[in-house]
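*Asks:* Structure: coords36.txt, compact mmCIF, C-alpha atoms.
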```txt
# COMPACT_ATOMS: atom_id res chain seq x y z
CA MET L 15 0.00 0.00 0.00
CA LYS L 16 2.85 2.40 0.89
CA TYR L 17 4.55 1.82 -2.45
CA THR L 18 1.27 2.31 -4.29
CA ILE L 19 0.81 5.73 -2.67
CA LEU L 20 4.39 6.78 -3.55
CA ILE L 21 3.96 5.70 -7.19
CA THR L 22 0.70 7.63 -7.41
CA ILE L 23 2.31 10.80 -6.03
CA PHE L 24 5.22 10.42 -8.48
CA LEU L 25 2.90 10.07 -11.46
CA VAL L 26 0.95 13.16 -10.42
CA LEU L 27 4.15 15.20 -10.11
CA VAL L 28 5.40 14.00 -13.47
CA SER L 29 2.07 14.79 -15.03
CA CYS L 30 2.05 18.33 -13.59
CA ASN L 31 5.62 18.93 -14.74
CA THR L 32 4.80 17.69 -18.24
CA GLU L 33 1.73 19.91 -18.42
CA THR L 34 3.74 22.95 -17.29
CA LYS L 35 6.43 22.21 -19.86
CA SER L 36 3.82 21.80 -22.57
CA LYS L 37 2.29 25.16 -21.71
CA LYS L 38 5.70 26.83 -21.85
CA GLU L 39 6.43 25.26 -25.22
CA ASN L 40 3.06 26.33 -26.59
CA SER L 41 3.63 29.89 -25.43
CA LYS L 42 6.67 30.06 -27.70
CA ILE L 43 4.66 29.20 -30.85
CA PRO L 44 4.57 32.39 -32.94
CA THR L 45 1.14 33.77 -33.78
CA LYS L 46 0.44 35.74 -36.93
CA THR L 47 -0.60 39.26 -36.02
CA GLN L 48 -2.35 41.62 -38.38
CA LYS L 49 -0.48 44.74 -39.35
CA SER L 50 -1.83 47.97 -37.92
CA LEU L 51 -2.77 50.86 -40.17
CA LYS L 52 -1.27 54.29 -39.67
CA LYS L 53 -3.06 56.61 -37.27
CA ILE L 54 -4.96 59.56 -38.63
CA ASP L 55 -3.49 63.07 -38.27
CA LEU L 56 -6.60 64.24 -36.38
CA PRO L 57 -7.27 63.79 -32.64
CA ILE L 58 -9.83 61.05 -33.35
CA GLU L 59 -10.89 58.89 -36.27
CA VAL L 60 -13.72 60.55 -38.18
CA ILE L 61 -14.35 58.27 -41.18
CA GLN L 62 -16.18 54.99 -40.99
CA ALA L 63 -15.29 52.79 -43.96
CA ASP L 64 -15.97 49.13 -44.62
CA VAL L 65 -16.64 46.56 -47.31
CA SER L 66 -19.91 44.72 -46.66
CA PHE L 67 -19.28 41.93 -49.17
CA ILE L 68 -16.43 40.86 -51.39
CA SER L 69 -16.74 38.20 -54.07
CA ASN L 70 -14.04 36.08 -55.67
CA PRO L 71 -11.68 37.69 -58.16
CA TYR L 72 -12.22 36.65 -61.78
CA TYR L 73 -10.33 36.70 -65.09
CA ALA L 74 -11.24 39.14 -67.88
CA ASN L 75 -9.10 40.59 -70.67
CA HIS L 76 -6.22 38.40 -69.49
CA ASN L 77 -6.19 40.11 -66.08
CA LEU L 78 -7.37 39.15 -62.62
CA ARG L 79 -10.06 41.55 -61.42
CA LEU L 80 -12.03 42.27 -58.28
CA ASN L 81 -15.25 44.29 -58.00
CA TYR L 82 -16.74 45.45 -54.71
CA GLU L 83 -18.31 48.41 -52.90
CA LEU L 84 -16.54 50.55 -50.29
CA ASN L 85 -18.98 52.20 -47.86
CA ILE L 86 -17.79 55.58 -46.56
CA LEU L 87 -19.45 57.59 -43.75
CA ASN L 88 -18.34 61.00 -42.45
CA ASN L 89 -18.72 60.87 -38.67
CA TYR L 90 -17.33 64.42 -38.36
CA LYS L 91 -19.16 67.75 -38.21
CA ILE L 92 -16.93 69.31 -40.88
CA PRO L 93 -17.57 68.47 -44.57
CA LEU L 94 -14.83 66.40 -46.18
CA THR L 95 -14.18 65.96 -49.91
CA LEU L 96 -12.90 62.61 -51.14
CA LYS L 97 -10.13 63.39 -53.63
CA LYS L 98 -8.22 60.14 -54.11
CA VAL L 99 -8.24 56.48 -53.10
CA GLU L 100 -5.23 54.17 -53.06
CA ILE L 101 -5.31 50.43 -52.44
CA PHE L 102 -2.36 48.59 -50.90
CA ASP L 103 -1.27 45.03 -50.28
CA LEU L 104 -1.31 44.83 -46.47
CA GLN L 105 1.86 42.72 -46.40
CA ASN L 106 3.78 44.84 -48.91
CA ASN L 107 2.53 48.39 -48.60
CA ASP L 108 5.34 50.47 -50.06
CA ILE L 109 3.63 51.09 -53.40
CA PRO L 110 -0.15 51.11 -54.04
CA ILE L 111 -1.46 48.35 -56.27
CA ALA L 112 -4.19 50.70 -57.55
CA GLU L 113 -5.03 54.40 -57.50
CA PHE L 114 -8.37 56.07 -58.21
CA ASP L 115 -8.45 59.82 -58.85
CA SER L 116 -11.21 62.44 -58.64
CA VAL L 117 -12.44 61.65 -62.17
CA TYR L 118 -12.95 57.99 -61.26
CA ILE L 119 -14.57 58.88 -57.94
CA GLU L 120 -16.97 61.32 -59.60
CA LYS L 121 -18.12 58.57 -61.95
CA HIS L 122 -18.28 55.67 -59.50
CA PHE L 123 -19.22 57.28 -56.17
CA LYS L 124 -22.92 56.80 -55.43
CA ARG L 125 -24.78 58.90 -52.87
CA PRO L 126 -28.08 57.12 -52.11
CA GLY L 127 -30.73 59.78 -51.64
CA ASN L 128 -28.27 62.54 -52.61
CA ASN L 129 -27.27 61.79 -56.21
CA ASP L 130 -28.38 65.29 -57.28
CA LEU L 131 -25.60 67.00 -55.31
CA ASP L 132 -23.39 69.50 -57.15
CA ASP L 133 -20.30 67.66 -55.90
CA LEU L 134 -20.84 63.98 -55.15
CA LYS L 135 -17.38 63.78 -53.58
CA LEU L 136 -18.31 66.25 -50.79
CA ILE L 137 -19.52 64.33 -47.73
CA SER L 138 -21.05 66.43 -44.95
CA GLY L 139 -21.41 65.29 -41.35
CA ASN L 140 -23.35 62.02 -40.93
CA GLU L 141 -23.60 61.60 -44.71
CA TYR L 142 -22.28 58.62 -46.60
CA GLY L 143 -21.47 57.33 -50.05
CA ILE L 144 -20.59 54.08 -51.79
CA LEU L 145 -17.53 53.85 -54.02
CA HIS L 146 -17.66 51.05 -56.58
CA ILE L 147 -14.18 49.61 -56.91
CA ASN L 148 -12.91 47.98 -60.12
CA LEU L 149 -9.55 46.56 -59.08
CA VAL L 150 -7.12 44.98 -61.55
CA PHE L 151 -4.35 42.78 -60.18
CA ASP L 152 -1.04 41.78 -61.65
CA ASN L 153 -1.63 38.13 -62.57
CA LYS L 154 1.69 37.13 -61.04
CA THR L 155 0.88 38.69 -57.68
CA SER L 156 -0.68 36.73 -54.84
CA ILE L 157 -2.42 39.10 -52.45
CA GLU L 158 -4.25 37.88 -49.35
CA GLN L 159 -5.25 41.18 -47.74
CA ILE L 160 -5.68 44.75 -48.92
CA PHE L 161 -6.44 48.07 -47.27
CA HIS L 162 -7.60 51.46 -48.51
CA LYS L 163 -5.96 54.86 -48.15
CA LEU L 164 -8.47 57.68 -48.57
CA TYR L 165 -7.39 61.27 -49.17
CA PHE L 166 -9.85 63.89 -47.91
CA GLU L 167 -9.69 67.66 -48.24
CA ARG L 168 -11.27 70.25 -45.93
CA LEU L 169 -11.07 73.99 -45.34
CA ASN L 170 -9.56 75.21 -42.07
CA LYS L 171 -10.46 78.42 -40.25
CA GLN L 172 -8.03 80.35 -42.44
CA ASN L 173 -9.85 79.04 -45.51
CA GLU L 174 -6.83 76.96 -46.47
CA ILE L 175 -7.17 73.50 -48.02
CA ILE L 176 -5.91 70.77 -45.70
CA THR L 177 -5.44 67.18 -46.90
CA HIS L 178 -5.95 64.24 -44.55
CA PRO L 179 -4.82 60.76 -45.60
CA MET L 180 -6.70 57.99 -43.79
CA GLU L 181 -5.89 54.27 -43.85
CA VAL L 182 -9.03 52.18 -43.46
CA ALA L 183 -10.91 48.99 -44.32
CA ILE L 184 -8.66 45.94 -44.25
CA VAL L 185 -10.20 43.25 -46.46
CA ASN L 186 -9.37 39.58 -46.99
CA VAL L 187 -9.11 38.73 -50.69
CA PRO L 188 -10.77 35.40 -51.62
CA LYS L 189 -9.25 32.97 -54.09
CA PRO L 190 -10.09 33.51 -57.79
CA THR L 191 -13.29 31.86 -58.97
CA GLU L 192 -13.01 28.56 -60.80
CA LEU L 193 -16.68 28.49 -61.79
CA SER L 194 -16.69 28.09 -65.58
CA LEU L 195 -20.02 27.88 -67.40
CA GLY L 196 -21.35 27.67 -70.90
CA LEU L 197 -23.49 30.46 -72.32
CA PRO L 198 -27.19 30.62 -71.31
CA PHE L 199 -28.31 30.04 -74.92
CA ASN L 200 -27.33 27.66 -77.73
CA LYS L 201 -27.81 30.04 -80.66
CA LYS L 202 -24.67 30.30 -82.80
CA GLY L 203 -23.64 33.64 -84.26
CA LYS L 204 -23.00 37.19 -83.07
CA TRP L 205 -24.21 38.53 -79.73
CA VAL L 206 -24.03 42.08 -78.42
CA TYR L 207 -23.59 42.27 -74.66
CA GLY L 208 -23.73 44.89 -71.92
CA ALA L 209 -21.97 43.95 -68.68
CA GLU L 210 -21.49 47.33 -67.05
CA SER L 211 -24.80 49.08 -66.53
CA HIS L 212 -26.03 46.88 -63.65
CA LYS L 213 -23.04 47.16 -61.31
CA GLY L 214 -24.45 50.00 -59.24
CA SER L 215 -27.91 48.45 -58.88
CA ARG L 216 -28.49 48.35 -55.14
CA PHE L 217 -31.44 46.43 -53.70
CA LEU L 218 -32.86 46.30 -50.19
CA THR L 219 -34.22 42.99 -48.94
CA GLU L 220 -35.49 42.73 -45.38
CA GLY L 221 -33.49 45.86 -44.59
CA LYS L 222 -30.19 44.56 -46.01
CA ALA L 223 -28.52 46.19 -49.01
CA THR L 224 -27.09 43.88 -51.69
CA TYR L 225 -25.83 44.10 -55.28
CA PRO L 226 -27.26 40.99 -56.95
CA GLN L 227 -26.57 42.28 -60.48
CA ARG L 228 -22.91 43.09 -59.86
CA PHE L 229 -21.86 40.72 -62.69
CA ALA L 230 -25.08 40.72 -64.73
CA ILE L 231 -24.91 40.60 -68.53
CA ASP L 232 -27.59 41.62 -71.05
CA TRP L 233 -27.50 39.67 -74.32
CA VAL L 234 -28.91 40.65 -77.76
CA PHE L 235 -28.53 38.60 -80.96
CA ILE L 236 -27.86 40.18 -84.40
CA ASP L 237 -28.00 38.63 -87.85
CA ASP L 238 -25.15 38.29 -90.35
CA ASN L 239 -25.83 41.82 -91.63
CA GLY L 240 -25.51 43.34 -88.17
CA LEU L 241 -29.24 44.03 -87.81
CA PHE L 242 -31.08 43.86 -84.50
CA ALA L 243 -34.48 43.65 -86.21
CA LYS L 244 -36.08 43.32 -89.62
CA ASP L 245 -38.72 45.77 -90.88
CA ASP L 246 -40.76 47.39 -88.09
CA ILE L 247 -38.52 47.53 -84.98
CA SER L 248 -41.51 48.34 -82.75
CA LYS L 249 -42.67 44.72 -82.97
CA ASN L 250 -41.01 42.13 -80.76
CA LYS L 251 -41.35 39.34 -83.32
CA ASN L 252 -39.20 41.27 -85.80
CA TRP L 253 -36.17 41.23 -83.51
CA ASN L 254 -33.63 38.52 -84.27
CA THR L 255 -33.21 37.93 -80.55
CA TYR L 256 -36.88 37.30 -79.88
CA GLY L 257 -37.89 33.72 -79.16
CA ILE L 258 -34.38 32.27 -78.96
CA GLU L 259 -34.19 29.15 -76.79
CA LEU L 260 -32.54 29.59 -73.39
CA ILE L 261 -30.67 26.75 -71.73
CA SER L 262 -29.50 25.87 -68.26
CA VAL L 263 -25.84 26.74 -67.74
CA ALA L 264 -25.40 23.88 -65.25
CA ASP L 265 -27.17 20.98 -63.60
CA GLY L 266 -29.50 22.25 -60.93
CA THR L 267 -32.96 22.64 -59.45
CA VAL L 268 -35.58 25.22 -60.45
CA ILE L 269 -36.42 27.07 -57.23
CA ASP L 270 -38.53 29.99 -58.48
CA ILE L 271 -40.31 31.23 -61.59
CA LYS L 272 -42.43 34.20 -62.62
CA ASP L 273 -44.83 34.00 -65.55
CA GLY L 274 -47.75 35.87 -67.10
CA ILE L 275 -46.19 39.35 -67.29
CA ILE L 276 -47.10 41.02 -70.59
CA GLU L 277 -44.33 42.32 -72.84
CA ASN L 278 -43.18 45.81 -73.74
CA GLU L 279 -43.10 47.49 -77.12
CA PRO L 280 -39.43 47.68 -78.24
CA LEU L 281 -37.71 51.04 -77.63
CA SER L 282 -40.88 52.55 -76.18
CA GLU L 283 -40.63 55.04 -73.32
CA ASP L 284 -43.46 53.29 -71.48
CA MET L 285 -43.36 49.90 -69.78
CA ALA L 286 -46.27 47.49 -70.19
CA VAL L 287 -46.51 47.03 -66.41
CA ARG L 288 -45.55 49.15 -63.41
CA ILE L 289 -41.96 48.30 -62.51
CA THR L 290 -41.55 46.99 -58.96
CA LYS L 291 -39.22 44.43 -57.42
CA GLU L 292 -41.86 41.85 -58.34
CA THR L 293 -42.01 42.83 -62.03
CA ILE L 294 -38.51 44.18 -62.74
CA GLY L 295 -37.23 40.82 -64.00
CA GLY L 296 -40.30 40.18 -66.10
CA ASN L 297 -40.98 36.50 -66.58
CA TYR L 298 -37.98 34.81 -65.01
CA ILE L 299 -36.46 31.49 -64.00
CA ILE L 300 -34.13 30.91 -61.03
CA ILE L 301 -32.04 27.74 -60.89
CA ASP L 302 -30.04 26.58 -57.88
CA ILE L 303 -26.80 25.36 -59.47
CA GLY L 304 -25.17 24.30 -56.19
CA ASN L 305 -22.56 25.82 -53.89
CA ASN L 306 -25.19 28.31 -52.65
CA ILE L 307 -25.40 29.99 -56.06
CA HIS L 308 -28.52 30.84 -58.06
CA ALA L 309 -28.64 31.43 -61.83
CA ILE L 310 -31.15 34.12 -62.87
CA TYR L 311 -32.76 34.38 -66.34
CA GLY L 312 -34.92 37.48 -66.89
CA HIS L 313 -37.34 39.04 -69.45
CA LEU L 314 -38.70 35.80 -70.95
CA ILE L 315 -41.76 35.53 -73.21
CA PRO L 316 -44.93 34.95 -71.15
CA ASN L 317 -46.13 31.34 -71.16
CA SER L 318 -42.85 30.20 -72.76
CA LEU L 319 -41.35 28.74 -69.58
CA LYS L 320 -40.68 25.03 -70.00
CA VAL L 321 -39.89 24.24 -66.36
CA SER L 322 -41.69 24.39 -63.03
CA ILE L 323 -40.56 24.96 -59.45
CA GLY L 324 -38.88 21.82 -58.15
CA ASP L 325 -37.81 20.50 -61.56
CA GLU L 326 -34.33 19.00 -61.83
CA VAL L 327 -32.58 20.35 -64.94
CA LYS L 328 -29.46 19.30 -66.80
CA LYS L 329 -26.82 21.54 -68.33
CA GLY L 330 -27.92 22.48 -71.85
CA GLN L 331 -31.61 21.73 -71.23
CA ILE L 332 -34.05 24.21 -72.82
CA ILE L 333 -35.88 26.13 -70.09
CA GLY L 334 -37.71 28.98 -71.88
CA LEU L 335 -37.72 31.56 -74.68
CA LEU L 336 -36.04 34.96 -74.76
CA GLY L 337 -38.47 37.90 -74.68
CA ASN L 338 -39.12 41.50 -73.66
CA SER L 339 -40.98 41.50 -70.33
CA GLY L 340 -40.32 43.49 -67.17
CA ASN L 341 -37.79 46.33 -67.05
CA SER L 342 -36.69 45.84 -70.66
CA ASP L 343 -36.32 48.34 -73.52
CA ALA L 344 -36.04 45.68 -76.24
CA PRO L 345 -35.94 41.88 -76.54
CA HIS L 346 -32.88 40.64 -74.66
CA LEU L 347 -31.77 38.15 -72.05
CA HIS L 348 -30.73 39.34 -68.62
CA PHE L 349 -28.48 36.74 -66.96
CA HIS L 350 -26.56 36.76 -63.71
CA LEU L 351 -25.47 34.63 -60.76
CA GLU L 352 -26.14 35.62 -57.18
CA SER L 353 -25.61 34.07 -53.78
CA LYS L 354 -28.42 32.00 -52.34
CA SER L 355 -31.23 33.98 -50.73
CA ASN L 356 -34.91 33.65 -49.92
CA SER L 357 -35.94 36.48 -52.24
CA PHE L 358 -35.64 37.41 -55.92
CA LEU L 359 -32.70 39.83 -56.23
CA GLY L 360 -31.90 39.31 -52.56
CA GLY L 361 -28.40 37.84 -52.88
CA GLU L 362 -24.96 39.16 -53.78
CA GLY L 363 -23.80 39.12 -57.40
CA MET L 364 -21.21 36.40 -58.03
CA PRO L 365 -18.64 36.27 -60.85
CA PHE L 366 -18.29 33.40 -63.28
CA LEU L 367 -16.23 32.45 -66.30
CA ILE L 368 -17.45 31.52 -69.77
CA THR L 369 -15.77 28.42 -71.14
CA GLU L 370 -15.10 29.82 -74.62
CA PHE L 371 -16.13 32.65 -76.94
CA THR L 372 -14.64 34.95 -79.57
CA GLN L 373 -14.38 38.64 -78.71
CA LEU L 374 -15.04 40.68 -81.87
CA LYS L 375 -15.25 44.28 -80.66
CA LYS L 376 -15.63 46.50 -77.59
CA TYR L 377 -17.73 49.63 -77.19
CA SER L 378 -17.95 52.60 -74.86
CA ALA L 379 -21.20 53.14 -72.95
CA GLU L 380 -22.16 55.92 -75.36
CA GLU L 381 -21.42 53.80 -78.44
CA PHE L 382 -23.43 50.95 -76.96
CA ASP L 383 -26.52 53.13 -76.45
CA ASN L 384 -26.31 54.51 -79.98
CA LEU L 385 -26.17 51.04 -81.53
CA PHE L 386 -29.85 50.39 -80.83
CA ASN L 387 -30.99 53.71 -82.27
CA LYS L 388 -29.34 52.84 -85.59
CA ASN L 389 -30.68 49.26 -85.60
CA LYS L 390 -27.41 48.08 -87.11
CA ILE L 391 -23.89 47.26 -86.01
CA PRO L 392 -21.02 47.84 -88.46
CA LEU L 393 -19.19 44.57 -89.04
CA ASP L 394 -16.29 45.89 -91.09
CA SER L 395 -13.75 46.59 -88.32
CA LEU L 396 -13.86 43.47 -86.18
CA LYS L 397 -10.76 42.08 -84.45
CA PRO L 398 -11.50 38.49 -83.40
CA LYS L 399 -9.76 37.23 -80.25
CA GLU L 400 -10.34 33.76 -78.91
CA LYS L 401 -11.20 33.73 -75.21
CA SER L 402 -11.45 30.87 -72.71
CA ASN L 403 -12.45 30.88 -69.05
CA GLU L 404 -12.96 34.63 -68.90
CA LEU L 405 -15.88 36.92 -68.13
CA PRO L 406 -16.91 39.47 -70.78
CA ILE L 407 -16.76 42.96 -69.28
CA GLY L 408 -17.84 46.43 -70.36
CA TYR L 409 -19.79 46.50 -73.63
CA GLY L 410 -18.96 44.47 -76.69
CA LEU L 411 -19.69 42.02 -79.46
CA ILE L 412 -18.82 38.33 -79.32
CA GLU L 413 -19.29 35.36 -81.61
CA VAL L 414 -20.48 31.94 -80.56
CA LYS L 415 -19.23 29.20 -82.87
```
As a first step, turn the structure in this file into structure tokens.
*Replies:*
Amino acid sequence: MKYTILITIFLVLVSCNTETKSKKENSKIPTKTQKSLKKIDLPIEVIQADVSFISNPYYANHNLRLNYELNILNNYKIPLTLKKVEIFDLQNNDIPIAEFDSVYIEKHFKRPGNNDLDDLKLISGNEYGILHINLVFDNKTSIEQIFHKLYFERLNKQNEIITHPMEVAIVNVPKPTELSLGLPFNKKGKWVYGAESHKGSRFLTEGKATYPQRFAIDWVFIDDNGLFAKDDISKNKNWNTYGIELISVADGTVIDIKDGIIENEPLSEDMAVRITKETIGGNYIIIDIGNNIHAIYGHLIPNSLKVSIGDEVKKGQIIGLLGNSGNSDAPHLHFHLESKSNSFLGGEGMPFLITEFTQLKKYSAEEFDNLFNKNKIPLDSLKPKEKSNELPIGYGLIEVK
């Protein structure tokens, strides 16, 4: 019995010593600490800035790109003017990886409720704005975290302009998307696309703001002569796009549809129905394609939907016909991916890649708008470039072979 007690005491002491040693060893394991941003040159921080959502980077025009929204609130009583924004790699912050000047800010800075201001860059006390960032990375660079350096100007009591640089909003950069899809139609030939006009479309769902159309693309088909429509362009049936079969871009499950919305007259100033969140997409189909992502098809012909809620669909399966319903100026397909949500246009826009296409031409926003007024696209100055696993951006013309 005596020896048993001694052995027990010895084991307890050894155990305690081992535990103490283990704790000491663990305390020496280095932990990765996040770099601190530089302090502001004012007594307190006055700008609240954050990124509510950031999607995966994607490839376009042979570059890796990232689109997101930077929310900026002036928590100071003195008006501040946003003059410049720089973005840095948090781990290597000697040189900015991107710089956005006043011209860019003027074009991409949204002021919800205040877009009629003389100077959108001027943020008064308790006012806010949303800067839409289009960031282009060097393909050879691997960046895990970024932060933003905002340059604000204000007038002091002597009416002198003072500049305040402020480092804010550290963001983790996700890995580039690997989601590669086919096109949402099987019609061969030339397609005009617009992939820029939806980026600033902000929706509120149950009090939360999202940008479901961040990567939306509008598609319009033209014939071999470059014509959008034959004869009377005020009739939907005369448009070459009208009635084209739409297909599922992936295997999935139909989770929502809208049908029975009458169509608009092409290029008319009036919509056939009052545009609300319920009617904006016209007749639509939503397919859950997995990984918490929904594929949205909008503006279909009424009573042309070939699927029902709950249907399992295969990639390439015909699901409906392209039309001109909802918030649509002319027959076209609206297509985008968004994160899973319980409401139409309630998720966040997600990027994707198109397996293959031929880029023929690119247009400015002004050129794109004028194309429809002329009802014809010149086809004499095309520069075909084969593309694979990229996302079309801006405005342009592609060919599907």
*Asks:* Quick one: of L:Glu181, L:Asp103, L:Glu362, L:Asp108, who's nearest to Asn70 in chain L, counting all atoms listed in the file?
*Replies:*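 Of L:Glu181, L:Asp103, L:Glu362, L:Asp108, the one nearest Asn70 in chain L, counting all atoms listed in the file, is L:Glu362.
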*Asks:* In Å to one decimal, how far is CA of Leu80 in chain L from CA of Glu59 in chain L?
*Replies:*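 Computed distance, CA of Glu59 in chain L to CA of Leu80 in chain L, equals 27.6 Å.
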*Asks:* What does the distance from CA of Pro188 in chain L to CA of Gly360 in chain L come to in Å, to one decimal?
*Replies:*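 Those two atoms sit 21.5 Å apart.
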*Asks:* Considering only C-alpha atoms, return as a ChimeraX atom specification whatever protein or nucleic-acid residues lie within 9 Å of Lys91 in chain L, sequence-local ones (same chain, fewer than 2 positions apart) excluded.
*Replies:* /L:88-89,93,138-140
*Asks:* Using only C-alpha atoms, which of the listed residues (L:Asn106, L:Ile412, L:Lys135, L:Lys189) sits closest to Ile119 in chain L?
*Replies:*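 Among L:Asn106, L:Ile412, L:Lys135, L:Lys189, it is L:Lys135 that comes nearest to Ile119 in chain L.
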*Asks:* Rounded to one decimal, what separation in Å do you get between CA of Lys97 in chain L and CA of Lys163 in chain L?
*Replies:*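 Answer for the CA of Lys97 in chain L to CA of Lys163 in chain L separation: 11.0 Å.
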*Asks:* Any idea what's packed within 9 Å of Ile147 in chain L, counting only C-alpha atoms, ignoring anything in its chain fewer than 5 positions away? Could you give it as a list in words?
*Replies:*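 Near Ile147 in chain L, the qualifying residues are Leu80, Asn81, Tyr82, Glu83, Leu84, Phe114 and His122 of chain L.
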*Asks:* From (-22.7, 55.7, -53.0), in the file's coordinates, out to 12 Å: which residues are reached, counting all atoms listed in the file? Answer as an mmCIF file with C-alpha atoms, keeping the file's coordinate frame.
*Replies:*
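Here's the written file selection01.cif:
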```cif
data_model
loop_
_atom_site.group_PDB
_atom_site.id
_atom_site.type_symbol
_atom_site.label_atom_id
_atom_site.label_comp_id
_atom_site.auth_asym_id
_atom_site.auth_seq_id
_atom_site.Cartn_x
_atom_site.Cartn_y
_atom_site.Cartn_z
ATOM 1 C CA TYR L 82 -16.740 45.450 -54.710
ATOM 2 C CA GLU L 83 -18.310 48.410 -52.900
ATOM 3 C CA LEU L 84 -16.540 50.550 -50.290
ATOM 4 C CA ASN L 85 -18.980 52.200 -47.860
ATOM 5 C CA ILE L 86 -17.790 55.580 -46.560
ATOM 6 C CA LEU L 87 -19.450 57.590 -43.750
ATOM 7 C CA ILE L 119 -14.570 58.880 -57.940
ATOM 8 C CA GLU L 120 -16.970 61.320 -59.600
ATOM 9 C CA LYS L 121 -18.120 58.570 -61.950
ATOM 10 C CA HIS L 122 -18.280 55.670 -59.500
ATOM 11 C CA PHE L 123 -19.220 57.280 -56.170
ATOM 12 C CA LYS L 124 -22.920 56.800 -55.430
ATOM 13 C CA ARG L 125 -24.780 58.900 -52.870
ATOM 14 C CA PRO L 126 -28.080 57.120 -52.110
ATOM 15 C CA GLY L 127 -30.730 59.780 -51.640
ATOM 16 C CA ASN L 128 -28.270 62.540 -52.610
ATOM 17 C CA ASN L 129 -27.270 61.790 -56.210
ATOM 18 C CA ASP L 130 -28.380 65.290 -57.280
ATOM 19 C CA LEU L 131 -25.600 67.000 -55.310
ATOM 20 C CA LEU L 134 -20.840 63.980 -55.150
ATOM 21 C CA LYS L 135 -17.380 63.780 -53.580
ATOM 22 C CA LEU L 136 -18.310 66.250 -50.790
ATOM 23 C CA ILE L 137 -19.520 64.330 -47.730
ATOM 24 C CA GLU L 141 -23.600 61.600 -44.710
ATOM 25 C CA TYR L 142 -22.280 58.620 -46.600
ATOM 26 C CA GLY L 143 -21.470 57.330 -50.050
ATOM 27 C CA ILE L 144 -20.590 54.080 -51.790
ATOM 28 C CA LEU L 145 -17.530 53.850 -54.020
ATOM 29 C CA HIS L 146 -17.660 51.050 -56.580
ATOM 30 C CA ILE L 147 -14.180 49.610 -56.910
ATOM 31 C CA LYS L 213 -23.040 47.160 -61.310
ATOM 32 C CA GLY L 214 -24.450 50.000 -59.240
ATOM 33 C CA SER L 215 -27.910 48.450 -58.880
ATOM 34 C CA ARG L 216 -28.490 48.350 -55.140
ATOM 35 C CA ALA L 223 -28.520 46.190 -49.010
#
```
*Asks:* Extract, using all atoms listed in the file, all DNA, RNA and protein residues at most 8 Å from Asn200 in chain L, discarding same-chain residues fewer than 6 positions from it, and format them as a PyMOL selection string.
*Replies:* chain L and resi 259-261+330
*Asks:* As a list of chain:residue names, please: the residues near range 228-242 of chain L (cut-off 6 Å, only C-alpha atoms, same-chain neighbours under 3 positions excluded).
*Replies:*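 Returned residues: L:Lys204, L:Trp205, L:Val206, L:Tyr207, L:Gly208, L:Ala209, L:Lys213, L:Tyr225, L:Trp253, L:Asn254, L:Thr255, L:His346, L:Leu347, L:His348, L:Phe349, L:His350, L:Gly363, L:Pro365, L:Asn389, L:Lys390, L:Ile391.
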*Asks:* Of the candidates L:Lys53, L:Glu292, L:Ala264, L:Ser357, which one gets nearest to Glu220 in chain L if we count all atoms listed in the file?
*Replies:* L:Ser357
*Asks:* Might you pull out every residue within 8 Å of Ile258 in chain L, with all atoms listed in the file counted and same-chain residues fewer than 4 positions away left off, and present them as a list in words?
*Replies:*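 My reading of the contact set: Phe199, Lys201, Leu335 and Leu336 of chain L.
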*Asks:* Restricting the calculation to only C-alpha atoms: of L:Leu195, L:Asn170, L:Ile111, L:Met285, which residue gets closest to Ile157 in chain L?
*Replies:*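 The answer is L:Ile111, which sits nearest to Ile157 in chain L.
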*Asks:* For Asp64 in chain L, which residue among L:Ile294, L:Met364, L:Ala379, L:Ile160 is the nearest when counting only C-alpha atoms?
*Replies:*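 Residue with the minimum atom-to-atom distance to Asp64 in chain L: L:Ile160.
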*Asks:* From the options L:Ile333, L:Ala344, L:Leu149, L:Val327, which residue's atoms come nearest to Glu279 in chain L, counting all atoms listed in the file?
*Replies:*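 Comparing L:Ile333, L:Ala344, L:Leu149, L:Val327 against Glu279 in chain L, the winner is L:Ala344.
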*Asks:* Would you be able to write out as a list in words which residues have an atom within 10 Å of (-2.7, 38.8, -45.6) in the file's coordinates, counting only C-alpha atoms?
*Replies:* Lys46, Thr47, Gln48, Lys49, Asp103, Leu104, Gln105, Asn106, Ser156, Ile157, Glu158, Gln159, Ile160, Ile184, Val185, Asn186 and Val187 of chain L
